[in-house]
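Beneath this line is the structure, given in structure tokens, with notes to follow.
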Amino acid sequence: MILAAAIVEFSTAALLHNARTAREYAPNSKLIAVIKANAYGHGAVQVARILEAEAEVDAFAVARLDEALSLRDAGIKKKILVLQGFTQIEELTIFHEHQLDAVVHSEYQIEYLENSQINASLSVWLKIDTGMNRLGVQPAQFKLLLTRLRECRSVADEVKFMTHFANADDRQDRKTQQQESCFIETINDETGQKSAANSAAIIAFPVAHYDWNRAGLMLYGASPILDESAQVLGLKPVMNFYARVIAVQQLQKGDAVGYGGSWIAPKNMCLAVVSAGYGDGYPRAAKSGTPVIINNQQASLAGRVSMDMLTVDLTGCNDINIGDKVTLWGDGLPINEIAQSAGTIPYTLMCGITARVRRVWL
Ligand SMILES: *Cc1c(COP(=O)(O)O)cnc(C)c1O
């Protein structure tokens, strides 16, 4: 087969390992695999099929109805939570037909349920805003809204409760504990299953392990915790992003490299031109010095990333040839490090791999 200029190889073994690891962190909770945004760029159907076949998770979560429908179309049978719930009354029939769980986060959704004529018993999660101030009903309104929800004929008997943490990636941040207390105090003596933890809280905040946890980033093998490596946390990268050397340049001291000539060779040196750029999803903001692995040797980015290429300082590398494999992130090169060097987070890098990149599951 012709080698791809830019390729992501996904590891089934790493995905299963990370799902098991998420379970080990929280052995008494059920696990929801968050596969929104095309499973953070990994391919939602493929990820769901693997996890469903191996019975490594109890449910899936996506952000929107369309994402859930693609999974049902692909034959995914497990419970699917739609994290934004329904946003139009007409959607209620579809939630019912496809057996989708709806998050109810706003009063208007309860009005839709009250006004709907559908003959259904929808599975509903009432989301409480405990301090993120994005989606969720206010604690002061909780009792009243829960009562209204329970009176809806279209709602299944047991309403579940959820909340979402804003700062759980930082072990020192006290807001997570405040949100957790607010969640429990708000629910008070109401019975119903609960869910609070995202990846960071699964790892760092065991008091928030309730009936269901929602793992996203950790499933894909990046670290959800500030300044802690995925490897130390027991996670393995699922996504390996590779490109190839397509040219080698001999530079003289003072030569300017790339657009804007922002990088100037500090000495006579060799430069590799690598076949991936921001048009493939490599971040343009990655600074010179960002690590890459080239033919199993550490090297670093030199000069601006362009659309189809990036350039690498070969100082200290031996025997680099046309066609050599270049790791941009993945095994041996944590995506967290690349994200940090580009002033972003691993989530955006995973989501940003573009359509032209070849994808292979191993
Ligand atoms: C995206 C999302 C998650 C998963 O977050 P990770 O940090 O990727 O684990 C969990 N819950 C909700 C409500 C989300 O939107």
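Just remember, in the structure tokens the first chain shown is A, the second B, etc., residues are 1-based per chain, and ligands are 1-based in the order shown.
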
Which polymer residues have any atom within 8 Å of an atom of region 131-146 of chain A, counting only C-alpha atoms, with same-chain residues fewer than 5 positions away left out, as an mmCIF file with all heavy atoms, in the first residue's frame?
```cif
data_model
loop_
_atom_site.group_PDB
_atom_site.id
_atom_site.type_symbol
_atom_site.label_atom_id
_atom_site.label_comp_id
_atom_site.auth_asym_id
_atom_site.auth_seq_id
_atom_site.Cartn_x
_atom_site.Cartn_y
_atom_site.Cartn_z
ATOM 1 N N VAL A 104 -32.366 17.044 31.013
ATOM 2 C CA VAL A 104 -33.242 18.214 31.131
ATOM 3 C C VAL A 104 -32.502 19.225 31.989
ATOM 4 O O VAL A 104 -32.164 18.952 33.142
ATOM 5 C CB VAL A 104 -34.597 17.813 31.756
ATOM 6 C CG1 VAL A 104 -35.374 19.054 32.200
ATOM 7 C CG2 VAL A 104 -35.411 17.003 30.759
ATOM 8 N N HIS A 105 -32.193 20.362 31.393
ATOM 9 C CA HIS A 105 -31.347 21.348 32.071
ATOM 10 C C HIS A 105 -32.022 22.696 32.235
ATOM 11 O O HIS A 105 -31.487 23.587 32.875
ATOM 12 C CB HIS A 105 -30.037 21.523 31.302
ATOM 13 C CG HIS A 105 -30.236 21.763 29.826
ATOM 14 N ND1 HIS A 105 -30.659 22.956 29.326
ATOM 15 C CD2 HIS A 105 -30.098 20.927 28.756
ATOM 16 C CE1 HIS A 105 -30.753 22.869 28.004
ATOM 17 N NE2 HIS A 105 -30.435 21.642 27.626
ATOM 18 N N SER A 106 -33.206 22.863 31.596
ATOM 19 C CA SER A 106 -33.870 24.173 31.599
ATOM 20 C C SER A 106 -35.375 23.998 31.714
ATOM 21 O O SER A 106 -35.930 22.993 31.249
ATOM 22 C CB SER A 106 -33.571 24.920 30.296
ATOM 23 O OG SER A 106 -32.187 25.137 30.140
ATOM 24 N N GLU A 107 -36.003 25.011 32.258
ATOM 25 C CA GLU A 107 -37.443 24.941 32.478
ATOM 26 C C GLU A 107 -38.230 24.772 31.171
ATOM 27 O O GLU A 107 -39.236 24.078 31.129
ATOM 28 C CB GLU A 107 -37.914 26.196 33.221
ATOM 29 C CG GLU A 107 -39.373 26.091 33.620
ATOM 30 C CD GLU A 107 -39.838 27.268 34.491
ATOM 31 O OE1 GLU A 107 -39.032 28.154 34.800
ATOM 32 O OE2 GLU A 107 -41.039 27.269 34.841
ATOM 33 N N ILE A 110 -39.099 21.323 30.385
ATOM 34 C CA ILE A 110 -40.183 20.739 31.182
ATOM 35 C C ILE A 110 -41.530 21.168 30.600
ATOM 36 O O ILE A 110 -42.464 20.370 30.512
ATOM 37 C CB ILE A 110 -40.017 21.128 32.675
ATOM 38 C CG1 ILE A 110 -38.684 20.556 33.180
ATOM 39 C CG2 ILE A 110 -41.197 20.615 33.516
ATOM 40 C CD1 ILE A 110 -38.305 20.924 34.583
ATOM 41 N N LEU A 126 -32.198 15.020 35.262
ATOM 42 C CA LEU A 126 -32.352 16.439 35.601
ATOM 43 C C LEU A 126 -30.987 16.981 36.007
ATOM 44 O O LEU A 126 -30.373 16.522 36.975
ATOM 45 C CB LEU A 126 -33.372 16.601 36.733
ATOM 46 C CG LEU A 126 -33.661 18.036 37.170
ATOM 47 C CD1 LEU A 126 -34.147 18.908 36.014
ATOM 48 C CD2 LEU A 126 -34.694 18.053 38.306
ATOM 49 N N THR A 163 -24.814 16.584 37.512
ATOM 50 C CA THR A 163 -24.197 17.908 37.486
ATOM 51 C C THR A 163 -22.851 17.765 36.788
ATOM 52 O O THR A 163 -22.439 16.655 36.439
ATOM 53 C CB THR A 163 -24.045 18.495 38.904
ATOM 54 O OG1 THR A 163 -23.741 19.889 38.793
ATOM 55 C CG2 THR A 163 -22.946 17.801 39.707
ATOM 56 N N HIS A 164 -22.207 18.886 36.541
ATOM 57 C CA HIS A 164 -20.930 18.847 35.820
ATOM 58 C C HIS A 164 -19.946 19.783 36.515
ATOM 59 O O HIS A 164 -20.310 20.893 36.905
ATOM 60 C CB HIS A 164 -21.167 19.275 34.365
ATOM 61 C CG HIS A 164 -20.010 19.030 33.435
ATOM 62 N ND1 HIS A 164 -19.270 17.863 33.439
ATOM 63 C CD2 HIS A 164 -19.485 19.800 32.457
ATOM 64 C CE1 HIS A 164 -18.334 17.937 32.495
ATOM 65 N NE2 HIS A 164 -18.442 19.089 31.894
ATOM 66 N N PHE A 165 -18.691 19.306 36.680
ATOM 67 C CA PHE A 165 -17.666 20.094 37.370
ATOM 68 C C PHE A 165 -16.921 21.012 36.409
ATOM 69 O O PHE A 165 -16.577 20.613 35.296
ATOM 70 C CB PHE A 165 -16.650 19.174 38.042
ATOM 71 C CG PHE A 165 -17.240 18.331 39.141
ATOM 72 C CD1 PHE A 165 -17.105 16.951 39.125
ATOM 73 C CD2 PHE A 165 -17.918 18.924 40.198
ATOM 74 C CE1 PHE A 165 -17.643 16.168 40.140
ATOM 75 C CE2 PHE A 165 -18.471 18.144 41.219
ATOM 76 C CZ PHE A 165 -18.328 16.768 41.184
ATOM 77 N N ALA A 166 -16.615 22.204 36.904
ATOM 78 C CA ALA A 166 -15.922 23.185 36.070
ATOM 79 C C ALA A 166 -14.403 23.080 36.192
ATOM 80 O O ALA A 166 -13.683 23.353 35.227
ATOM 81 C CB ALA A 166 -16.367 24.593 36.452
ATOM 82 N N GLN A 179 -18.990 22.314 44.569
ATOM 83 C CA GLN A 179 -20.028 21.864 43.636
ATOM 84 C C GLN A 179 -20.627 20.538 44.090
ATOM 85 O O GLN A 179 -21.833 20.314 43.982
ATOM 86 C CB GLN A 179 -19.437 21.705 42.227
ATOM 87 C CG GLN A 179 -19.188 23.021 41.521
ATOM 88 C CD GLN A 179 -18.938 22.794 40.029
ATOM 89 O OE1 GLN A 179 -17.797 22.743 39.585
ATOM 90 N NE2 GLN A 179 -19.993 22.633 39.260
ATOM 91 N N CYS A 182 -22.949 21.126 46.968
ATOM 92 C CA CYS A 182 -24.169 21.771 46.464
ATOM 93 C C CYS A 182 -25.082 20.725 45.806
ATOM 94 O O CYS A 182 -26.300 20.726 46.028
ATOM 95 C CB CYS A 182 -23.775 22.855 45.474
ATOM 96 S SG CYS A 182 -25.172 23.623 44.656
ATOM 97 N N THR A 186 -28.654 19.866 47.331
ATOM 98 C CA THR A 186 -29.820 20.176 46.496
ATOM 99 C C THR A 186 -30.725 18.953 46.343
ATOM 100 O O THR A 186 -31.945 19.044 46.502
ATOM 101 C CB THR A 186 -29.368 20.672 45.106
ATOM 102 O OG1 THR A 186 -28.542 21.815 45.282
ATOM 103 C CG2 THR A 186 -30.560 21.045 44.233
ATOM 104 N N ILE A 187 -30.127 17.809 46.097
ATOM 105 C CA ILE A 187 -30.925 16.589 45.928
ATOM 106 C C ILE A 187 -31.569 16.190 47.257
ATOM 107 O O ILE A 187 -32.692 15.689 47.306
ATOM 108 C CB ILE A 187 -30.056 15.448 45.376
ATOM 109 C CG1 ILE A 187 -29.589 15.795 43.961
ATOM 110 C CG2 ILE A 187 -30.831 14.126 45.356
ATOM 111 C CD1 ILE A 187 -28.525 14.874 43.430
#
```

Excluding same-chain residues fewer than 2 positions from Ser229 (chain A), what lies within 12 Å of it counting only C-alpha atoms, as a PyMOL selection string? chain A and resi 218+221-227+231-237+332-337

Name all residues at most 7 Å from region 191-195 of chain A (count only C-alpha atoms; drop same-chain ones fewer than 5 positions away) and give them as an NGL selection string. :A and (158-163 or 210-213)

Could you write those residues out with all heavy atoms, as a compact mmCIF listing (two decimals), in the first residue's frame?
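The resulting file, out-v9.txt, is shown below:
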```txt
# COMPACT_ATOMS: atom_id res chain seq x y z
N GLU A 158 -38.47 6.94 37.27
CA GLU A 158 -37.30 7.37 38.03
C GLU A 158 -36.49 8.44 37.29
O GLU A 158 -35.82 8.15 36.30
CB GLU A 158 -36.40 6.18 38.37
CG GLU A 158 -35.60 6.47 39.63
CD GLU A 158 -34.26 5.76 39.69
OE1 GLU A 158 -33.36 6.16 38.94
OE2 GLU A 158 -34.14 4.82 40.49
N VAL A 159 -36.57 9.66 37.78
CA VAL A 159 -35.74 10.73 37.22
C VAL A 159 -34.36 10.60 37.85
O VAL A 159 -34.22 10.39 39.05
CB VAL A 159 -36.37 12.11 37.54
CG1 VAL A 159 -35.44 13.24 37.10
CG2 VAL A 159 -37.74 12.23 36.88
N LYS A 160 -33.32 10.71 37.00
CA LYS A 160 -31.94 10.66 37.51
C LYS A 160 -31.41 12.09 37.63
O LYS A 160 -31.97 13.01 37.04
CB LYS A 160 -31.06 9.85 36.57
CG LYS A 160 -31.54 8.40 36.38
CD LYS A 160 -30.53 7.63 35.54
CE LYS A 160 -30.98 6.23 35.22
NZ LYS A 160 -32.17 6.19 34.32
N PHE A 161 -30.33 12.23 38.40
CA PHE A 161 -29.79 13.57 38.66
C PHE A 161 -28.35 13.67 38.21
O PHE A 161 -27.57 12.72 38.37
CB PHE A 161 -29.86 13.89 40.16
CG PHE A 161 -31.23 13.69 40.73
CD1 PHE A 161 -31.44 12.76 41.75
CD2 PHE A 161 -32.32 14.41 40.24
CE1 PHE A 161 -32.71 12.56 42.28
CE2 PHE A 161 -33.59 14.21 40.76
CZ PHE A 161 -33.79 13.30 41.78
N MET A 162 -27.99 14.81 37.64
CA MET A 162 -26.59 14.99 37.28
C MET A 162 -26.14 16.43 37.47
O MET A 162 -26.95 17.35 37.59
CB MET A 162 -26.33 14.54 35.84
CG MET A 162 -27.00 15.35 34.77
SD MET A 162 -26.54 14.76 33.10
CE MET A 162 -24.96 15.57 32.88
N THR A 163 -24.81 16.58 37.51
CA THR A 163 -24.20 17.91 37.49
C THR A 163 -22.85 17.77 36.79
O THR A 163 -22.44 16.66 36.44
CB THR A 163 -24.05 18.50 38.90
OG1 THR A 163 -23.74 19.89 38.79
CG2 THR A 163 -22.95 17.80 39.71
N TYR A 210 -20.67 8.49 41.91
CA TYR A 210 -22.01 8.06 42.29
C TYR A 210 -22.40 6.86 41.43
O TYR A 210 -21.55 6.03 41.11
CB TYR A 210 -22.99 9.22 42.17
CG TYR A 210 -22.64 10.34 43.11
CD1 TYR A 210 -22.18 11.56 42.64
CD2 TYR A 210 -22.73 10.16 44.49
CE1 TYR A 210 -21.83 12.58 43.51
CE2 TYR A 210 -22.38 11.18 45.37
CZ TYR A 210 -21.93 12.38 44.87
OH TYR A 210 -21.58 13.38 45.73
N ASP A 211 -23.66 6.79 41.06
CA ASP A 211 -24.12 5.60 40.33
C ASP A 211 -23.49 5.50 38.94
O ASP A 211 -23.22 4.42 38.46
CB ASP A 211 -25.64 5.65 40.21
CG ASP A 211 -26.28 5.77 41.58
OD1 ASP A 211 -26.39 4.74 42.26
OD2 ASP A 211 -26.62 6.90 42.00
N TRP A 212 -23.28 6.67 38.32
CA TRP A 212 -22.78 6.70 36.95
C TRP A 212 -21.65 7.72 36.84
O TRP A 212 -21.80 8.84 37.33
CB TRP A 212 -23.88 7.15 35.97
CG TRP A 212 -25.10 6.28 35.93
CD1 TRP A 212 -26.17 6.31 36.77
CD2 TRP A 212 -25.38 5.26 34.97
NE1 TRP A 212 -27.09 5.38 36.39
CE2 TRP A 212 -26.64 4.73 35.28
CE3 TRP A 212 -24.69 4.75 33.85
CZ2 TRP A 212 -27.24 3.69 34.54
CZ3 TRP A 212 -25.28 3.75 33.11
CH2 TRP A 212 -26.54 3.22 33.46
N ASN A 213 -20.56 7.36 36.17
CA ASN A 213 -19.51 8.34 35.86
C ASN A 213 -19.45 8.55 34.35
O ASN A 213 -19.78 7.65 33.58
CB ASN A 213 -18.15 7.87 36.36
CG ASN A 213 -18.08 7.86 37.88
OD1 ASN A 213 -18.75 8.65 38.54
ND2 ASN A 213 -17.29 6.96 38.42
```

Tell me which protein, DNA and RNA residues are within 7 Å of Tyr242 (chain A), counting only C-alpha atoms, leaving out same-chain ones fewer than 3 positions away, and put them as a list of chain:residue names.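 The residues satisfying every condition are A:Ala6, A:Ile7, A:Val8, A:Lys325, A:Val326, A:Thr327, A:Leu328.
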
Hey, can you spit out that residue selection with N, CA, C and O atoms as a PDB file, in the first residue's frame?
```pdb
ATOM      1  N   ALA A   6      -0.029  11.782   5.843  1.00  0.00           N
ATOM      2  CA  ALA A   6      -0.443  12.043   7.227  1.00  0.00           C
ATOM      3  C   ALA A   6      -1.464  10.984   7.599  1.00  0.00           C
ATOM      4  O   ALA A   6      -2.400  10.724   6.854  1.00  0.00           O
ATOM      5  N   ILE A   7      -1.263  10.376   8.738  1.00  0.00           N
ATOM      6  CA  ILE A   7      -2.123   9.245   9.125  1.00  0.00           C
ATOM      7  C   ILE A   7      -2.341   9.265  10.633  1.00  0.00           C
ATOM      8  O   ILE A   7      -1.435   9.642  11.386  1.00  0.00           O
ATOM      9  N   VAL A   8      -3.537   8.910  11.049  1.00  0.00           N
ATOM     10  CA  VAL A   8      -3.726   8.599  12.469  1.00  0.00           C
ATOM     11  C   VAL A   8      -4.018   7.115  12.587  1.00  0.00           C
ATOM     12  O   VAL A   8      -4.877   6.574  11.885  1.00  0.00           O
ATOM     13  N   LYS A 325       9.486   7.907   9.264  1.00  0.00           N
ATOM     14  CA  LYS A 325       8.245   8.159   9.988  1.00  0.00           C
ATOM     15  C   LYS A 325       8.468   9.227  11.057  1.00  0.00           C
ATOM     16  O   LYS A 325       9.469   9.191  11.783  1.00  0.00           O
ATOM     17  N   VAL A 326       7.517  10.142  11.145  1.00  0.00           N
ATOM     18  CA  VAL A 326       7.593  11.199  12.150  1.00  0.00           C
ATOM     19  C   VAL A 326       6.350  11.089  13.034  1.00  0.00           C
ATOM     20  O   VAL A 326       5.227  11.072  12.536  1.00  0.00           O
ATOM     21  N   THR A 327       6.570  10.980  14.350  1.00  0.00           N
ATOM     22  CA  THR A 327       5.440  10.977  15.278  1.00  0.00           C
ATOM     23  C   THR A 327       5.160  12.414  15.687  1.00  0.00           C
ATOM     24  O   THR A 327       6.060  13.113  16.159  1.00  0.00           O
ATOM     25  N   LEU A 328       3.905  12.839  15.516  1.00  0.00           N
ATOM     26  CA  LEU A 328       3.533  14.203  15.917  1.00  0.00           C
ATOM     27  C   LEU A 328       2.902  14.202  17.308  1.00  0.00           C
ATOM     28  O   LEU A 328       3.055  15.152  18.059  1.00  0.00           O
TER      29      LEU A 328
END
```

What lies within 12 Å of Lys77 (chain A) using only C-alpha atoms, ignoring chain neighbours under 2 positions off, as a PDB file with N, CA, C and O atoms, in the first residue's frame?
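Output (out20.pdb):
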```
ATOM      1  N   VAL A  45     -18.734   5.939  15.816  1.00  0.00           N
ATOM      2  CA  VAL A  45     -19.308   4.616  15.565  1.00  0.00           C
ATOM      3  C   VAL A  45     -18.277   3.530  15.881  1.00  0.00           C
ATOM      4  O   VAL A  45     -18.578   2.529  16.553  1.00  0.00           O
ATOM      5  N   ALA A  48     -17.783   3.283  19.636  1.00  0.00           N
ATOM      6  CA  ALA A  48     -18.947   2.682  20.283  1.00  0.00           C
ATOM      7  C   ALA A  48     -19.004   1.180  20.000  1.00  0.00           C
ATOM      8  O   ALA A  48     -19.311   0.385  20.893  1.00  0.00           O
ATOM      9  N   ARG A  49     -18.703   0.797  18.763  1.00  0.00           N
ATOM     10  CA  ARG A  49     -18.750  -0.640  18.436  1.00  0.00           C
ATOM     11  C   ARG A  49     -17.746  -1.427  19.258  1.00  0.00           C
ATOM     12  O   ARG A  49     -18.052  -2.507  19.767  1.00  0.00           O
ATOM     13  N   LEU A  51     -16.391  -0.614  22.177  1.00  0.00           N
ATOM     14  CA  LEU A  51     -16.726  -0.633  23.606  1.00  0.00           C
ATOM     15  C   LEU A  51     -17.973  -1.469  23.869  1.00  0.00           C
ATOM     16  O   LEU A  51     -18.072  -2.149  24.892  1.00  0.00           O
ATOM     17  N   GLU A  52     -18.921  -1.453  22.935  1.00  0.00           N
ATOM     18  CA  GLU A  52     -20.133  -2.243  23.129  1.00  0.00           C
ATOM     19  C   GLU A  52     -19.828  -3.733  22.993  1.00  0.00           C
ATOM     20  O   GLU A  52     -20.268  -4.548  23.806  1.00  0.00           O
ATOM     21  N   ALA A  53     -19.030  -4.072  21.990  1.00  0.00           N
ATOM     22  CA  ALA A  53     -18.707  -5.493  21.768  1.00  0.00           C
ATOM     23  C   ALA A  53     -17.946  -6.084  22.946  1.00  0.00           C
ATOM     24  O   ALA A  53     -18.156  -7.230  23.322  1.00  0.00           O
ATOM     25  N   ALA A  55     -18.107  -5.018  25.976  1.00  0.00           N
ATOM     26  CA  ALA A  55     -18.854  -4.775  27.212  1.00  0.00           C
ATOM     27  C   ALA A  55     -18.047  -4.005  28.245  1.00  0.00           C
ATOM     28  O   ALA A  55     -18.137  -4.249  29.446  1.00  0.00           O
ATOM     29  N   ASP A  58     -21.186   0.896  30.189  1.00  0.00           N
ATOM     30  CA  ASP A  58     -22.605   0.628  30.421  1.00  0.00           C
ATOM     31  C   ASP A  58     -23.512   1.508  29.578  1.00  0.00           C
ATOM     32  O   ASP A  58     -24.700   1.221  29.442  1.00  0.00           O
ATOM     33  N   ALA A  59     -22.968   2.613  29.064  1.00  0.00           N
ATOM     34  CA  ALA A  59     -23.786   3.549  28.289  1.00  0.00           C
ATOM     35  C   ALA A  59     -22.857   4.476  27.522  1.00  0.00           C
ATOM     36  O   ALA A  59     -21.637   4.489  27.754  1.00  0.00           O
ATOM     37  N   PHE A  60     -23.469   5.236  26.622  1.00  0.00           N
ATOM     38  CA  PHE A  60     -22.731   6.246  25.869  1.00  0.00           C
ATOM     39  C   PHE A  60     -23.364   7.600  26.110  1.00  0.00           C
ATOM     40  O   PHE A  60     -24.546   7.690  26.459  1.00  0.00           O
ATOM     41  N   ALA A  68     -26.570  11.033  18.411  1.00  0.00           N
ATOM     42  CA  ALA A  68     -27.188   9.814  18.944  1.00  0.00           C
ATOM     43  C   ALA A  68     -27.831   9.009  17.817  1.00  0.00           C
ATOM     44  O   ALA A  68     -27.743   7.773  17.781  1.00  0.00           O
ATOM     45  N   LEU A  69     -28.470   9.706  16.883  1.00  0.00           N
ATOM     46  CA  LEU A  69     -29.149   9.001  15.782  1.00  0.00           C
ATOM     47  C   LEU A  69     -28.136   8.276  14.898  1.00  0.00           C
ATOM     48  O   LEU A  69     -28.405   7.158  14.437  1.00  0.00           O
ATOM     49  N   SER A  70     -26.985   8.871  14.663  1.00  0.00           N
ATOM     50  CA  SER A  70     -25.966   8.152  13.865  1.00  0.00           C
ATOM     51  C   SER A  70     -25.551   6.869  14.562  1.00  0.00           C
ATOM     52  O   SER A  70     -25.272   5.865  13.910  1.00  0.00           O
ATOM     53  N   LEU A  71     -25.479   6.914  15.874  1.00  0.00           N
ATOM     54  CA  LEU A  71     -25.095   5.692  16.595  1.00  0.00           C
ATOM     55  C   LEU A  71     -26.193   4.635  16.488  1.00  0.00           C
ATOM     56  O   LEU A  71     -25.901   3.454  16.249  1.00  0.00           O
ATOM     57  N   ARG A  72     -27.441   5.051  16.656  1.00  0.00           N
ATOM     58  CA  ARG A  72     -28.550   4.087  16.519  1.00  0.00           C
ATOM     59  C   ARG A  72     -28.583   3.526  15.090  1.00  0.00           C
ATOM     60  O   ARG A  72     -28.751   2.317  14.902  1.00  0.00           O
ATOM     61  N   ASP A  73     -28.376   4.407  14.083  1.00  0.00           N
ATOM     62  CA  ASP A  73     -28.342   3.942  12.684  1.00  0.00           C
ATOM     63  C   ASP A  73     -27.270   2.885  12.480  1.00  0.00           C
ATOM     64  O   ASP A  73     -27.416   1.990  11.650  1.00  0.00           O
ATOM     65  N   ALA A  74     -26.172   3.025  13.210  1.00  0.00           N
ATOM     66  CA  ALA A  74     -25.061   2.076  13.066  1.00  0.00           C
ATOM     67  C   ALA A  74     -25.288   0.822  13.907  1.00  0.00           C
ATOM     68  O   ALA A  74     -24.421  -0.051  13.970  1.00  0.00           O
ATOM     69  N   GLY A  75     -26.417   0.757  14.575  1.00  0.00           N
ATOM     70  CA  GLY A  75     -26.757  -0.470  15.300  1.00  0.00           C
ATOM     71  C   GLY A  75     -26.326  -0.498  16.758  1.00  0.00           C
ATOM     72  O   GLY A  75     -26.355  -1.557  17.392  1.00  0.00           O
ATOM     73  N   LYS A  79     -27.689   2.125  26.097  1.00  0.00           N
ATOM     74  CA  LYS A  79     -28.234   3.419  26.523  1.00  0.00           C
ATOM     75  C   LYS A  79     -27.377   4.547  25.957  1.00  0.00           C
ATOM     76  O   LYS A  79     -26.151   4.491  26.006  1.00  0.00           O
ATOM     77  N   ILE A  80     -28.046   5.585  25.434  1.00  0.00           N
ATOM     78  CA  ILE A  80     -27.331   6.779  24.964  1.00  0.00           C
ATOM     79  C   ILE A  80     -27.943   8.017  25.614  1.00  0.00           C
ATOM     80  O   ILE A  80     -29.141   8.265  25.486  1.00  0.00           O
ATOM     81  N   HIS A  98     -36.214   6.215  19.457  1.00  0.00           N
ATOM     82  CA  HIS A  98     -34.855   5.656  19.454  1.00  0.00           C
ATOM     83  C   HIS A  98     -34.342   5.342  20.853  1.00  0.00           C
ATOM     84  O   HIS A  98     -33.164   5.055  21.020  1.00  0.00           O
ATOM     85  N   GLN A  99     -35.240   5.428  21.831  1.00  0.00           N
ATOM     86  CA  GLN A  99     -34.860   5.068  23.196  1.00  0.00           C
ATOM     87  C   GLN A  99     -33.627   5.829  23.657  1.00  0.00           C
ATOM     88  O   GLN A  99     -32.623   5.236  24.081  1.00  0.00           O
ATOM     89  N   LEU A 100     -33.705   7.157  23.560  1.00  0.00           N
ATOM     90  CA  LEU A 100     -32.576   7.991  23.976  1.00  0.00           C
ATOM     91  C   LEU A 100     -32.873   8.632  25.326  1.00  0.00           C
ATOM     92  O   LEU A 100     -34.018   9.019  25.595  1.00  0.00           O
TER      93      LEU A 100
END
```

Please return, as a ChimeraX atom specification, all residues of region 98-206 of chain A that DSSP assigns to strand (DSSP E) on the basis of the backbone. /A:100-104,124-127,160-162,194-195

Could you work out how far CA of Gly43 (chain A) lies from CA of Leu16 (chain A), giving the answer in Å with one decimal?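 Computing the Euclidean distance for CA of Leu16 (chain A) and CA of Gly43 (chain A) yields 14.9 Å.
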
Using only C-alpha atoms and all ligand atoms, which residues of the polymer chains come no farther than 10 Å from ligand 1? I'd like the answer as number ranges by chain. A: 32-37, 39-40, 61-63, 81-84, 103, 127, 135, 162-169, 195-203, 213-220, 222-225, 346-347

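Using only C-alpha atoms for every distance, the candidate list A:Ala44, A:Val305, A:Leu65, A:Ala243 yields A:Ala243 as the residue closest to Gly323 (chain A).
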
If DSSP is run on the backbone, what residues of region 10-200 of chain A are alpha helix (DSSP H)? A reply as a VMD selection string would be ideal. chain A and resid 12 to 25 36 to 41 44 to 53 65 to 73 91 to 97 107 to 115 142 to 151 175 to 187 199 to 200

Have a look at CA of Phe86 (chain A) and CA of Asp101 (chain A) and let me know their distance in Å, one decimal.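 Calculated distance between CA of Phe86 (chain A) and CA of Asp101 (chain A) is 9.8 Å.
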
Which residues are close to Trp361 (chain A), i.e. within 9 Å by only C-alpha atoms, leaving aside same-chain residues fewer than 5 positions away? Reply as a list in words.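 The residues satisfying every condition are Val8, Glu9, Phe10, Ser11, Thr12 and Gln46 of chain A.
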
Could you check how far CA of Asn38 (chain A) sits from CA of Ile76 (chain A), in Å to one decimal?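 The value is 14.3 Å.
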
Min atom-atom distance to Glu151 (chain A) from the set A:Asn115, A:Gln177, A:Ala13, A:Asn318, counting only C-alpha atoms, belongs to A:Asn115

Would you pick out the contacts of Trp263 (chain A) at 6 Å or less, using only C-alpha atoms, so that residues sharing its chain but fewer than 4 positions from it are not included, and give the list as a ChimeraX atom specification? /A:256-257,303

Deliver the residues from the most recent selection as a file, using N, CA and C atoms, as a CSV table (one decimal), in the first residue's frame.
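Just written: selection_16.csv:
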```
chain,number,residue,atom,x,y,z
A,256,ALA,N,16.6,32.0,6.8
A,256,ALA,CA,15.3,32.1,7.4
A,256,ALA,C,14.4,31.0,6.9
A,257,VAL,N,13.6,30.4,7.7
A,257,VAL,CA,12.8,29.2,7.4
A,257,VAL,C,11.3,29.6,7.4
A,303,GLY,N,10.4,26.9,13.2
A,303,GLY,CA,9.7,27.8,12.3
A,303,GLY,C,8.2,27.5,12.3
```

Give the answer as one residue: which of A:Asn188, A:Asn119, A:Ser262, A:Gln178 has the shortest atom-to-atom distance to Ser288 (chain A), using only C-alpha atoms?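 Looking at the shortest contact to Ser288 (chain A), the residue is A:Ser262.
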
Which is closer to Leu301 (chain A) than all the others in A:Ile50, A:Ala339, A:Ala19, A:Ala272, using only C-alpha atoms?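 Of A:Ile50, A:Ala339, A:Ala19, A:Ala272, the one nearest Leu301 (chain A), counting only C-alpha atoms, is A:Ala272.
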